[in-house]
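This is data_19.cif (mmCIF, C-alpha atoms).
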data_final
loop_
_atom_site.label_atom_id
_atom_site.label_comp_id
_atom_site.auth_asym_id
_atom_site.auth_seq_id
_atom_site.Cartn_x
_atom_site.Cartn_y
_atom_site.Cartn_z
CA MET A 1 1.20 -13.92 14.76
CA THR A 2 2.97 -11.32 12.63
CA THR A 3 2.63 -7.70 13.70
CA ARG A 4 3.78 -4.41 12.29
CA THR A 5 6.95 -3.43 14.05
CA GLN A 6 8.11 0.14 14.36
CA PRO A 7 11.24 1.28 16.16
CA PRO A 8 10.19 2.32 19.71
CA ASP A 9 11.75 5.76 19.24
CA ASP A 10 9.71 6.42 16.09
CA LEU A 11 6.60 5.09 17.75
CA PHE A 12 7.14 7.32 20.76
CA GLU A 13 7.79 10.35 18.56
CA ASN A 14 4.56 9.80 16.58
CA LEU A 15 2.51 9.35 19.74
CA ARG A 16 4.18 12.33 21.39
CA LEU A 17 3.35 14.58 18.41
CA GLU A 18 -0.21 13.30 18.40
CA LEU A 19 -0.56 14.02 22.12
CA ARG A 20 1.04 17.45 21.79
CA ARG A 21 -1.10 18.54 18.84
CA GLY A 22 -4.28 18.78 20.85
CA CYS A 23 -2.53 20.24 23.89
CA LEU A 24 -0.95 23.00 21.81
CA VAL A 25 -4.32 24.31 20.68
CA LEU A 26 -5.43 24.50 24.28
CA ALA A 27 -2.18 26.18 25.33
CA VAL A 28 -2.40 28.74 22.53
CA LEU A 29 -6.02 29.55 23.36
CA ALA A 30 -5.08 29.87 27.03
CA GLN A 31 -2.20 32.24 26.25
CA LEU A 32 -4.37 34.35 23.98
CA ARG A 33 -6.74 35.30 26.72
CA THR A 34 -4.17 38.11 26.74
CA GLU A 35 -3.55 39.80 23.40
CA ARG A 36 -0.22 38.90 21.80
CA TYR A 37 1.46 38.78 18.44
CA GLY A 38 3.08 35.67 17.02
CA TYR A 39 6.61 36.07 18.27
CA THR A 40 5.73 37.05 21.83
CA LEU A 41 3.21 34.23 22.00
CA ARG A 42 5.89 31.77 20.98
CA LYS A 43 8.23 33.16 23.62
CA ALA A 44 5.54 32.95 26.28
CA LEU A 45 4.81 29.34 25.42
CA ALA A 46 8.51 28.46 25.48
CA GLU A 47 8.95 30.17 28.86
CA ASP A 48 6.07 28.09 30.21
CA GLY A 49 7.78 24.92 29.03
CA LEU A 50 5.90 24.38 25.79
CA PRO A 51 8.27 25.34 22.98
CA ILE A 52 6.73 25.32 19.53
CA ASP A 53 8.45 26.04 16.27
CA GLU A 54 7.48 28.99 14.12
CA GLY A 55 6.41 26.81 11.22
CA THR A 56 3.74 25.24 13.40
CA LEU A 57 2.61 28.17 15.51
CA TYR A 58 2.00 30.86 12.91
CA PRO A 59 -0.11 28.72 10.56
CA LEU A 60 -1.96 27.40 13.64
CA LEU A 61 -2.89 30.97 14.57
CA ARG A 62 -4.24 31.50 11.07
CA ARG A 63 -6.26 28.30 11.26
CA LEU A 64 -7.73 29.17 14.64
CA GLU A 65 -8.62 32.60 13.33
CA THR A 66 -10.30 31.10 10.25
CA GLN A 67 -12.29 28.86 12.58
CA GLY A 68 -13.48 31.92 14.43
CA LEU A 69 -11.70 31.11 17.69
CA LEU A 70 -9.29 34.03 17.44
CA ALA A 71 -9.67 37.64 16.40
CA SER A 72 -6.73 39.60 15.06
CA GLU A 73 -5.78 43.12 14.10
CA TRP A 74 -2.74 44.83 12.65
CA ARG A 75 -1.34 47.47 14.95
CA GLU A 76 1.84 49.44 15.16
CA GLU A 77 4.11 48.66 18.09
CA GLU A 78 7.68 49.81 18.48
CA LYS A 79 7.53 51.44 15.05
CA ARG A 80 6.54 48.19 13.38
CA ASN A 81 3.25 46.78 12.21
CA LYS A 82 2.38 43.55 14.00
CA ARG A 83 -0.60 41.28 13.90
CA PHE A 84 -2.08 40.86 17.36
CA TYR A 85 -4.25 37.91 18.25
CA ARG A 86 -6.71 37.39 21.09
CA LEU A 87 -9.54 35.00 21.90
CA SER A 88 -12.79 35.85 20.18
CA SER A 89 -16.09 35.47 22.05
CA VAL A 90 -16.61 32.09 20.35
CA GLY A 91 -13.01 31.22 21.26
CA GLU A 92 -13.66 32.02 24.91
CA GLU A 93 -16.67 29.76 24.95
CA VAL A 94 -14.85 26.90 23.19
CA PHE A 95 -11.82 27.38 25.40
CA GLU A 96 -13.91 26.96 28.55
CA LYS A 97 -15.39 23.73 27.22
CA LEU A 98 -11.98 22.43 26.14
CA LEU A 99 -10.57 23.28 29.54
CA THR A 100 -13.33 21.32 31.25
CA GLU A 101 -12.62 18.41 28.92
CA TRP A 102 -8.90 18.68 29.60
CA ASN A 103 -9.43 18.67 33.36
CA GLY A 104 -11.73 15.67 33.03
CA ILE A 105 -9.13 13.73 31.02
CA ASN A 106 -6.42 14.75 33.48
CA LYS A 107 -8.44 13.48 36.43
CA SER A 108 -9.28 10.24 34.64
CA ILE A 109 -5.67 9.58 33.77
CA GLY A 110 -4.74 10.32 37.36
CA ARG A 111 -7.32 7.84 38.63
CA ILE A 112 -6.23 5.18 36.13
CA LEU A 113 -2.59 5.61 37.15
CA GLN A 114 -3.50 5.34 40.84
CA GLU A 115 -5.44 2.15 40.20
CA ALA A 116 -2.54 0.59 38.31
CA MET B 117 18.27 42.47 6.08
CA GLU B 118 18.37 41.45 2.47
CA LEU B 119 18.15 37.73 3.25
CA ILE B 120 14.69 38.08 4.76
CA ASP B 121 13.41 39.71 1.56
CA ARG B 122 14.75 36.84 -0.48
CA TYR B 123 13.30 34.36 1.99
CA LEU B 124 9.85 35.94 2.02
CA TYR B 125 9.87 36.24 -1.75
CA ALA B 126 10.58 32.51 -1.95
CA VAL B 127 7.80 31.71 0.54
CA GLY B 128 5.39 33.99 -1.35
CA ARG B 129 5.87 32.04 -4.56
CA TYR B 130 4.05 29.09 -3.00
CA ILE B 131 1.15 31.02 -1.46
CA PRO B 132 -1.99 32.03 -3.41
CA GLY B 133 -2.27 35.75 -4.18
CA GLU B 134 -5.21 36.76 -2.02
CA ARG B 135 -3.57 35.83 1.30
CA ARG B 136 0.04 36.21 0.32
CA ASP B 137 0.75 39.80 1.39
CA ASP B 138 -0.92 39.38 4.76
CA ILE B 139 0.95 36.17 5.57
CA LEU B 140 4.28 37.54 4.40
CA ALA B 141 3.83 40.75 6.41
CA GLU B 142 3.15 38.73 9.53
CA LEU B 143 6.09 36.44 8.89
CA ARG B 144 8.32 39.46 8.36
CA ALA B 145 7.20 41.04 11.63
CA ASN B 146 7.83 37.83 13.56
CA ILE B 147 11.22 37.18 11.99
CA LEU B 148 12.34 40.75 12.59
CA ALA B 149 11.16 40.57 16.20
CA LEU B 150 13.21 37.40 16.69
CA ALA B 151 16.22 39.01 15.02
CA GLU B 152 15.91 42.07 17.25
CA ASP B 153 15.75 39.87 20.33
CA ARG B 154 18.95 38.13 19.28
CA GLU B 155 20.63 41.45 18.60
CA GLN B 156 19.66 42.65 22.07
CA GLU B 157 21.07 39.48 23.62
CA LEU B 158 24.34 39.82 21.68
CA GLY B 159 24.51 43.64 21.97
CA ARG B 160 25.38 44.00 18.29
CA LYS B 161 23.97 43.63 14.79
CA LEU B 162 23.55 40.08 13.56
CA ALA B 163 26.15 38.65 11.23
CA LEU B 164 25.06 37.17 7.94
CA ASP B 165 25.47 33.63 9.26
CA GLU B 166 23.26 34.42 12.24
CA GLU B 167 20.56 35.90 10.01
CA GLU B 168 20.77 32.82 7.87
CA ALA B 169 20.41 30.60 10.95
CA ILE B 170 17.19 32.41 11.95
CA LEU B 171 15.68 31.87 8.52
CA LYS B 172 16.78 28.25 8.38
CA GLN B 173 15.14 27.75 11.74
CA HIS B 174 11.85 28.85 10.17
CA GLY B 175 12.15 26.11 7.57
CA HIS B 176 12.33 25.70 3.82
CA PRO B 177 10.17 28.28 2.03
CA ALA B 178 8.05 25.61 0.34
CA VAL B 179 7.44 23.82 3.65
CA VAL B 180 6.59 27.07 5.44
CA ALA B 181 4.16 28.05 2.68
CA ALA B 182 2.56 24.59 2.64
CA ARG B 183 1.67 24.95 6.31
CA TYR B 184 -0.42 28.02 5.51
CA LEU B 185 -2.36 26.21 2.83
CA PRO B 186 -5.37 24.02 3.52
CA GLN B 187 -4.41 20.39 4.03
CA GLN B 188 -4.04 18.82 0.62
CA HIS B 189 -4.71 15.20 -0.09
CA LEU B 190 -6.27 13.36 -2.96
CA ILE B 191 -8.00 10.76 -0.82
CA GLY B 192 -8.61 11.39 2.86
CA PRO B 193 -8.62 8.91 5.73
CA THR B 194 -12.40 8.34 5.53
CA VAL B 195 -12.47 7.34 1.88
CA PHE B 196 -9.03 5.69 1.77
CA PRO B 197 -10.08 2.28 3.23
CA PHE B 198 -12.82 1.98 0.55
CA TYR B 199 -10.36 3.02 -2.14
CA TRP B 200 -7.82 0.44 -0.99
CA TYR B 201 -10.44 -2.30 -0.70
CA VAL B 202 -11.82 -1.68 -4.21
CA LEU B 203 -8.30 -1.48 -5.65
CA LYS B 204 -7.32 -4.81 -4.05
CA THR B 205 -10.56 -6.52 -5.06
CA ALA B 206 -10.64 -5.28 -8.64
CA PHE B 207 -6.97 -5.78 -9.47
CA PRO B 208 -7.05 -9.60 -9.78
CA TRP B 209 -10.03 -9.21 -12.16
CA VAL B 210 -8.02 -6.81 -14.27
CA VAL B 211 -5.20 -9.38 -14.41
CA LEU B 212 -7.66 -12.15 -15.28
CA LEU B 213 -9.43 -10.17 -18.03
CA TYR B 214 -6.10 -9.07 -19.47
CA ALA B 215 -4.79 -12.65 -19.46
CA LEU B 216 -8.01 -13.99 -20.99
CA GLY B 217 -7.99 -11.32 -23.68
CA TYR B 218 -4.47 -12.23 -24.73
CA CYS B 219 -5.09 -15.98 -24.48
CA VAL B 220 -7.92 -15.54 -27.00
CA SER B 221 -5.73 -13.39 -29.24
CA PHE B 222 -3.05 -16.12 -29.21
CA LEU B 223 -5.51 -18.46 -30.87
CA PHE B 224 -5.29 -16.29 -33.98
CA ARG B 225 -1.58 -15.47 -34.06
CA PRO B 226 1.68 -17.36 -33.48
CA VAL B 227 2.85 -17.71 -29.91
CA THR B 228 6.50 -16.86 -29.41
CA VAL B 229 8.52 -16.16 -26.28
CA GLN B 230 8.91 -12.58 -27.51
CA ALA B 231 5.12 -12.23 -27.83
CA ILE B 232 4.63 -13.52 -24.25
CA VAL B 233 7.28 -11.13 -22.89
CA GLU B 234 5.57 -8.27 -24.75
CA VAL B 235 2.21 -9.22 -23.24
CA VAL B 236 3.71 -9.25 -19.73
CA LEU B 237 5.45 -5.90 -20.26
CA GLN B 238 2.35 -4.33 -21.76
CA PHE B 239 0.53 -5.10 -18.54
CA VAL B 240 2.62 -2.50 -16.68
CA PRO B 241 0.90 0.51 -18.32
CA VAL B 242 -2.46 -1.29 -18.03
CA ALA B 243 -1.94 -1.68 -14.26
CA PHE B 244 -0.78 1.92 -14.06
CA TYR B 245 -3.83 3.28 -15.90
CA PHE B 246 -6.13 1.11 -13.80
CA ALA B 247 -4.63 2.49 -10.57
CA ALA B 248 -4.68 6.02 -11.96
CA TRP B 249 -8.35 5.85 -12.96
CA MET B 250 -9.35 4.32 -9.64
CA THR B 251 -7.43 7.05 -7.84
CA LEU B 252 -9.10 9.71 -9.96
CA VAL B 253 -12.58 8.32 -9.29
CA PHE B 254 -11.99 8.17 -5.54
CA ALA B 255 -10.28 11.57 -5.53
CA LEU B 256 -13.42 13.02 -7.17
CA PHE B 257 -15.52 11.19 -4.62
CA GLU B 258 -13.36 12.65 -1.86
CA PHE B 259 -13.59 16.15 -3.36
CA PHE B 260 -17.35 16.19 -3.86
CA GLY B 261 -18.01 14.04 -0.82
CA ALA B 262 -16.12 16.44 1.42
CA ARG B 263 -17.82 19.51 0.01
CA TYR B 264 -21.34 18.49 -0.89
CA MET B 265 -22.11 15.23 0.82
CA LYS B 266 -21.14 15.85 4.42
CA GLN B 267 -24.66 15.05 5.47
CA SER B 268 -24.86 12.13 3.08
CA THR B 269 -26.36 8.96 4.50
CA VAL B 270 -23.90 6.74 2.61
CA PHE B 271 -21.72 6.17 5.67
CA CYS B 272 -24.52 6.58 8.21
CA SER B 273 -27.19 4.29 6.82
CA TRP B 274 -25.31 1.06 7.49
CA SER B 275 -26.47 -1.30 10.18
CA PRO B 276 -24.48 -3.95 12.04
CA ARG B 277 -27.42 -6.32 11.36
CA LYS B 278 -26.77 -6.11 7.63
CA LEU B 279 -23.09 -7.08 7.91
CA ALA B 280 -22.07 -10.53 6.74
CA THR B 281 -21.81 -13.34 9.28
CA PRO B 282 -18.19 -14.28 9.96
CA GLN B 283 -17.23 -17.46 8.14
CA ALA B 284 -14.65 -19.77 9.60
CA GLU B 285 -11.73 -20.00 7.21
CA PRO B 286 -11.34 -23.54 5.91
CA GLU B 287 -8.45 -25.43 7.38
CA LYS B 288 -5.92 -25.70 4.63
CA LYS B 289 -3.52 -28.09 6.29
CA SER B 290 -3.84 -31.57 4.90
CA SER B 291 -2.93 -34.75 6.69
CA PRO B 292 0.53 -36.15 5.83
CA ILE B 293 -1.06 -39.62 5.51
CA PHE B 294 -3.53 -38.43 2.86
CA ASP B 295 -0.68 -36.64 1.12
CA PHE B 296 1.21 -39.93 0.98
CA ILE B 297 -1.83 -41.87 -0.24
CA GLY B 298 -2.43 -39.22 -2.95
CA SER B 299 1.11 -39.64 -4.27
CA LEU B 300 0.81 -43.45 -4.05
CA VAL B 301 -2.36 -43.40 -6.18
CA THR B 302 -0.63 -41.10 -8.69
CA LEU B 303 2.31 -43.52 -8.96
CA ALA B 304 -0.01 -46.50 -9.38
CA PHE B 305 -1.94 -44.66 -12.10
CA LEU B 306 1.29 -43.83 -13.96
CA ILE B 307 2.44 -47.45 -13.86
CA VAL B 308 -0.93 -48.85 -14.97
CA VAL B 309 -1.40 -46.29 -17.72
CA ARG B 310 1.84 -47.44 -19.36
CA GLN B 311 0.28 -50.83 -19.96
CA ASN B 312 -3.20 -49.47 -20.66
CA PRO B 313 -2.93 -46.27 -22.75
CA ILE B 314 -6.69 -46.43 -23.23
CA TRP B 315 -6.94 -44.81 -19.77
CA ILE B 316 -5.59 -41.61 -21.28
CA LEU B 317 -6.30 -41.83 -24.99
CA GLY B 318 -9.64 -43.59 -24.70
CA PRO B 319 -11.01 -45.63 -27.63
CA ALA B 320 -8.82 -43.57 -29.98
CA VAL B 321 -6.01 -46.14 -29.46
CA TYR B 322 -7.99 -48.62 -31.57
CA TYR B 323 -8.44 -46.32 -34.56
CA LYS B 324 -5.84 -46.49 -37.27
CA ASN B 325 -6.44 -42.94 -38.48
CA MET B 326 -5.63 -41.32 -35.16
CA VAL B 327 -2.57 -39.39 -33.98
CA ARG B 328 -0.01 -41.09 -31.71
CA PRO B 329 2.19 -39.52 -28.97
CA THR B 330 5.77 -38.71 -29.94
CA PRO B 331 8.82 -40.11 -28.02
CA VAL B 332 9.03 -36.90 -25.97
CA TRP B 333 6.19 -38.27 -23.82
CA MET B 334 8.29 -41.32 -22.93
CA THR B 335 10.99 -39.04 -21.52
CA VAL B 336 8.36 -37.02 -19.64
CA TYR B 337 6.84 -40.25 -18.38
CA THR B 338 10.20 -41.40 -16.95
CA ILE B 339 10.81 -38.01 -15.33
CA ALA B 340 7.28 -38.08 -13.87
CA ILE B 341 7.83 -41.55 -12.38
CA ILE B 342 11.11 -40.43 -10.74
CA PHE B 343 9.47 -37.23 -9.56
CA VAL B 344 6.52 -39.01 -7.95
CA CYS B 345 8.82 -41.63 -6.35
CA VAL B 346 10.90 -38.88 -4.74
CA GLN B 347 7.71 -37.15 -3.55
CA LEU B 348 6.44 -40.44 -2.18
CA ALA B 349 9.65 -41.03 -0.20
CA ILE B 350 9.55 -37.51 1.26
CA LYS B 351 5.87 -37.80 2.16
CA PHE B 352 6.44 -41.17 3.77
CA VAL B 353 9.16 -39.73 6.00
CA ALA B 354 6.96 -36.69 6.70
CA ILE B 355 4.31 -38.95 8.29
CA PHE B 356 6.74 -39.76 11.10
CA SER B 357 8.83 -36.58 11.18
CA SER B 358 7.27 -33.34 12.39
CA HIS B 359 10.55 -31.63 11.56
CA LEU B 360 10.14 -32.53 7.89
CA ARG B 361 6.50 -31.40 8.00
CA ALA B 362 7.75 -27.97 9.01
CA TRP B 363 9.65 -27.97 5.73
CA ARG B 364 6.48 -28.81 3.83
CA THR B 365 6.16 -25.33 2.37
CA TRP B 366 9.64 -25.49 0.89
CA ILE B 367 9.01 -29.02 -0.38
CA ASP B 368 5.87 -27.72 -2.10
CA LEU B 369 7.91 -24.94 -3.64
CA GLY B 370 10.44 -27.53 -4.84
CA THR B 371 7.61 -29.57 -6.35
CA LYS B 372 6.30 -26.54 -8.22
CA THR B 373 9.81 -25.77 -9.48
CA CYS B 374 10.13 -29.34 -10.78
CA ALA B 375 6.75 -29.05 -12.49
CA ILE B 376 7.97 -25.88 -14.22
CA ALA B 377 11.13 -27.74 -15.29
CA ILE B 378 9.06 -30.58 -16.79
CA VAL B 379 6.78 -28.19 -18.68
CA SER B 380 9.85 -26.26 -19.85
CA PHE B 381 11.26 -29.51 -21.19
CA LEU B 382 7.99 -30.14 -23.03
CA LEU B 383 8.21 -26.65 -24.51
CA THR B 384 11.52 -27.56 -26.19
CA ALA B 385 9.77 -30.27 -28.20
CA LYS B 386 8.22 -29.22 -31.49
CA GLU B 387 5.89 -32.19 -31.86
CA TYR B 388 3.73 -33.83 -29.24
CA VAL B 389 1.66 -36.04 -31.54
CA THR B 390 2.50 -37.55 -34.88
CA VAL B 391 0.87 -39.42 -37.75
CA PRO B 392 1.21 -43.18 -37.23
CA PRO B 393 2.49 -45.34 -40.13
CA GLY B 394 -0.32 -46.44 -42.43
CA ALA B 395 -2.65 -43.60 -41.45
CA ASP B 396 -4.15 -41.12 -43.88
CA ALA B 397 -1.40 -38.50 -43.77
CA SER B 398 -3.45 -35.68 -45.30
CA GLN B 399 -6.36 -36.06 -42.85
CA VAL B 400 -4.51 -37.10 -39.68
CA GLY B 401 -1.65 -34.71 -40.48
CA LYS B 402 -3.99 -31.73 -40.16
CA ILE B 403 -5.28 -32.99 -36.81
CA ALA B 404 -1.69 -33.54 -35.61
CA GLN B 405 -0.68 -30.05 -36.72
CA ALA B 406 -3.65 -28.45 -34.92
CA LEU B 407 -3.02 -30.47 -31.77
CA ASN B 408 0.71 -29.67 -31.74
CA TYR B 409 -0.10 -25.99 -32.13
CA ALA B 410 -2.74 -26.04 -29.39
CA MET B 411 -0.45 -27.92 -27.01
CA SER B 412 2.48 -25.57 -27.61
CA ILE B 413 0.21 -22.67 -26.62
CA GLY B 414 -1.14 -24.64 -23.69
CA TRP B 415 2.35 -25.33 -22.28
CA LYS B 416 3.25 -21.68 -22.56
CA VAL B 417 0.13 -20.62 -20.71
CA ILE B 418 0.72 -23.29 -18.06
CA ILE B 419 4.34 -22.25 -17.56
CA VAL B 420 3.27 -18.61 -17.09
CA ILE B 421 0.60 -19.62 -14.54
CA LEU B 422 3.00 -21.94 -12.67
CA SER B 423 5.72 -19.28 -12.62
CA VAL B 424 3.34 -16.65 -11.26
CA GLN B 425 2.12 -19.12 -8.61
CA LEU B 426 5.68 -19.98 -7.64
CA LEU B 427 6.73 -16.33 -7.38
CA TRP B 428 3.63 -15.59 -5.31
CA GLU B 429 4.39 -18.47 -2.93
CA ILE B 430 8.05 -17.46 -2.63
CA SER B 431 7.05 -13.85 -1.91
CA LYS B 432 4.68 -15.13 0.81
CA ARG B 433 7.57 -16.90 2.51
CA LEU B 434 10.20 -14.21 2.01
CA PHE B 435 7.99 -11.16 2.65
CA PRO B 436 5.20 -12.40 4.92
CA ARG B 437 4.35 -8.87 6.01
CA TRP B 438 3.17 -7.87 2.52
CA HIS B 439 0.63 -10.64 2.69
CA VAL B 440 -0.31 -10.11 6.31
CA TYR B 441 -0.97 -6.40 5.70
CA ALA B 442 -3.39 -7.40 2.98
CA LYS B 443 -5.39 -9.23 5.68
CA PRO B 444 -5.69 -6.77 8.56
CA HIS B 445 -7.59 -9.29 10.71
CA LEU B 446 -4.37 -11.30 10.99
CA LEU B 447 -2.77 -8.37 12.77
CA ALA B 448 -5.40 -8.23 15.46
#
With the file now loaded, output its structure as structure tokens.
Amino acid sequence: MTTRTQPPDDLFENLRLELRRGCLVLAVLAQLRTERYGYTLRKALAEDGLPIDEGTLYPLLRRLETQGLLASEWREEEKRNKRFYRLSSVGEEVFEKLLTEWNGINKSIGRILQEA
Amino acid sequence: MELIDRYLYAVGRYIPGERRDDILAELRANILALAEDREQELGRKLALDEEEAILKQHGHPAVVAARYLPQQHLIGPTVFPFYWYVLKTAFPWVVLLYALGYCVSFLFRPVTVQAIVEVVLQFVPVAFYFAAWMTLVFALFEFFGARYMKQSTVFCSWSPRKLATPQAEPEKKSSPIFDFIGSLVTLAFLIVVRQNPIWILGPAVYYKNMVRPTPVWMTVYTIAIIFVCVQLAIKFVAIFSSHLRAWRTWIDLGTKTCAIAIVSFLLTAKEYVTVPPGADASQVGKIAQALNYAMSIGWKVIIVILSVQLLWEISKRLFPRWHVYAKPHLLA
């Protein structure tokens, strides 16, 4: 039988990005329980072991805000205007549900790995 | 920091007006914050190269801007399988209708190699326009479907009970013994027909005022006899040799190539039938002329069909993946 072959490295990279995409949303929502602006959020994520490039993070913040999960406001800090983001009330609610889902998946994976 | 102004100006060119200023202001704040952090780490102002590195890290202006725009695609993942299926199903019909159209037109104008080449080349824009129109139709479907038909029942009203029952694909492999017998019968027919032309020409052989085959057919007949004898020998060996059976595909390709060579040889002849001595030249001559013309067209059409078949078969052997991808169930 003929199958599509893809170099293992490429395959891994695609799957890794796919896996990360969902996790990043959860991580960003979790970080934004505390108000932050883009750059400090990125630093916080990197310090917690989840580096994310600017080109992904900043548009993601916009998207989450458009979806109503984040609220933002322009405010001056250190003599410069910055856009600060935080979880909206809808965002808090969705975040809780996502967290429950995440924990459920985590436990399931753990069980599956123990069985194997 | 002049570079950042140039960078943001470049990004802004790709972002629609209403959101541009807001996005650029945020980008500026974030880039400046990063630059300040670096300056604090280094304890000095950034050099031009370092500023450049920060901006390059953000990405090409067009790419950065694209990430702020809604995801753009003509046909999304939901509609794409239907688009691809319709494209694959309809394309052979386009080829067939195109070929039929030109075959009919060749009945009313002379057939030359140049005319055939032109017909083949003219198919390229036809195929392009077909694909373009199909894409446009499905892109419109995607556009309106995504915006106005989210609750549409088109994709929800299907039922597994209404799906077609799986049909077992017919076994295409033929027995080597039947292959051999087939070639044997062909050889016997060729030998007998030499002595009894009535088997091909029918009662026409007894009429004086009837066209007769030209000597070119004798040459073709000899080639055909040799060709079938070689086939017969190979098929006989193939009955006992599984190794040779594995080469069956390539033998089939060789057979098709030989068939093309024979038809090509026929194409070189100008006359296939002639007026026999003593026949009414004015009456039979017209029939002979019409038949010669019809046969010359026929050979050209046959050679095109055989060539396309041969190329298709070769592509199946050389690039099996192209053909397997067209049948996703084979990948399962």
**Message:** I'd like the interatomic distance between CA of Asp48 (chain A) and CA of His174 (chain B), to a tenth of an Å.
**Reply:**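 Distance between the two atoms: 20.9 Å.
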**Message:** Expand the PyMOL selection byres ((chain B) within 6 of (chain A)) into the explicit residue set it covers here, and present it as a ChimeraX atom specification.
**Reply:** /B:145-146,174,180,183-184,447
**Request:** Within 8 Å of (1.5, 27.6, 24.6) (coordinates as in the file), grab all the protein and nucleic acid residues, counting only C-alpha atoms, and write them out as number ranges by chain.
**Result:** A: 24-31, 41-42, 44-46, 48, 50-52
Expected file contents, prior selection, C-alpha atoms, as a PDB file, keeping the file's coordinate frame:
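Output (result-v3.pdb):
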ATOM      1  CA  LEU A  24      -0.950  23.000  21.810  1.00  0.00           C
ATOM      2  CA  VAL A  25      -4.320  24.310  20.680  1.00  0.00           C
ATOM      3  CA  LEU A  26      -5.430  24.500  24.280  1.00  0.00           C
ATOM      4  CA  ALA A  27      -2.180  26.180  25.330  1.00  0.00           C
ATOM      5  CA  VAL A  28      -2.400  28.740  22.530  1.00  0.00           C
ATOM      6  CA  LEU A  29      -6.020  29.550  23.360  1.00  0.00           C
ATOM      7  CA  ALA A  30      -5.080  29.870  27.030  1.00  0.00           C
ATOM      8  CA  GLN A  31      -2.200  32.240  26.250  1.00  0.00           C
ATOM      9  CA  LEU A  41       3.210  34.230  22.000  1.00  0.00           C
ATOM     10  CA  ARG A  42       5.890  31.770  20.980  1.00  0.00           C
ATOM     11  CA  ALA A  44       5.540  32.950  26.280  1.00  0.00           C
ATOM     12  CA  LEU A  45       4.810  29.340  25.420  1.00  0.00           C
ATOM     13  CA  ALA A  46       8.510  28.460  25.480  1.00  0.00           C
ATOM     14  CA  ASP A  48       6.070  28.090  30.210  1.00  0.00           C
ATOM     15  CA  LEU A  50       5.900  24.380  25.790  1.00  0.00           C
ATOM     16  CA  PRO A  51       8.270  25.340  22.980  1.00  0.00           C
ATOM     17  CA  ILE A  52       6.730  25.320  19.530  1.00  0.00           C
TER      18      ILE A  52
END
**Asked** Selected by the PyMOL selection byres ((chain B and resi 124-129) around 8) in the shown coordinates: which residues, as number ranges by chain?
**Response** B: 120-123, 130-132, 136-137, 140, 143-144, 177-178, 180-181
**Message:** What would the selection look like, as a PyMOL selection string, if the PyMOL selection byres ((chain A and resi 71) around 10) were run on the coordinates I just shared?
**Reply:** chain A and resi 32+35+61-62+64-70+72-73+84-91
**Prompt:** Could you work out how far CA of Thr384 (chain B) lies from CA of Leu306 (chain B), giving the answer in Å with one decimal?
**Reply:**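 Pair CA of Leu306 (chain B) / CA of Thr384 (chain B) returns 22.8 Å.
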**Prompt:** Restricting the calculation to only C-alpha atoms, which member of B:Leu303, B:Asn408, B:Ser291, B:Val242 is positioned closest to Phe207 (chain B)?
**Reply:**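 Under the stated criterion, the closest residue is B:Val242.
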**Prompt:** In Å to one decimal, how far is CA of Ala243 (chain B) from CA of Thr205 (chain B)?
**Reply:**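 CA of Ala243 (chain B) lies at a distance of 13.5 Å from CA of Thr205 (chain B).
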Kindly compute an axis-aligned box around the listed atoms of region 250-263 of chain B, allowing 4 Å on each side, and express its centre and edge lengths in Å to one decimal as AutoDock Vina command-line options.
--center_x -12.7 --center_y 11.9 --center_z -4.3 --size_x 18.6 --size_y 23.2 --size_z 19.4
**Item:** Minimum-distance residue to Ala248 (chain B), chosen among B:Leu300, B:Tyr199, B:Asp396, B:Asn325 (using only C-alpha atoms)
**Value:**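 Looking only at the distances to Ala248 (chain B), the closest residue turns out to be B:Tyr199.
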**Request:** Find the spatial neighbours of region 419-427 of chain B, counting all atoms listed in the file, within a cut-off of 9 Å - ignore same-chain residues fewer than 6 positions away - and output them as a ChimeraX atom specification.
**Result:** /B:232,369,372-373,375-376,379-380
**Pick from B:Ile413, B:Ala304, B:Leu212, B:Arg433 nearest to Asp368 (chain B), counting all atoms listed in the file** = B:Arg433
**Message:** I'd like to know which of A:Arg36, A:Phe12, A:Gln6, A:Leu98 is closest to Glu77 (chain A), using all atoms listed in the file.
**Reply:**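 With all atoms listed in the file as the atom set, the closest residue is A:Arg36.
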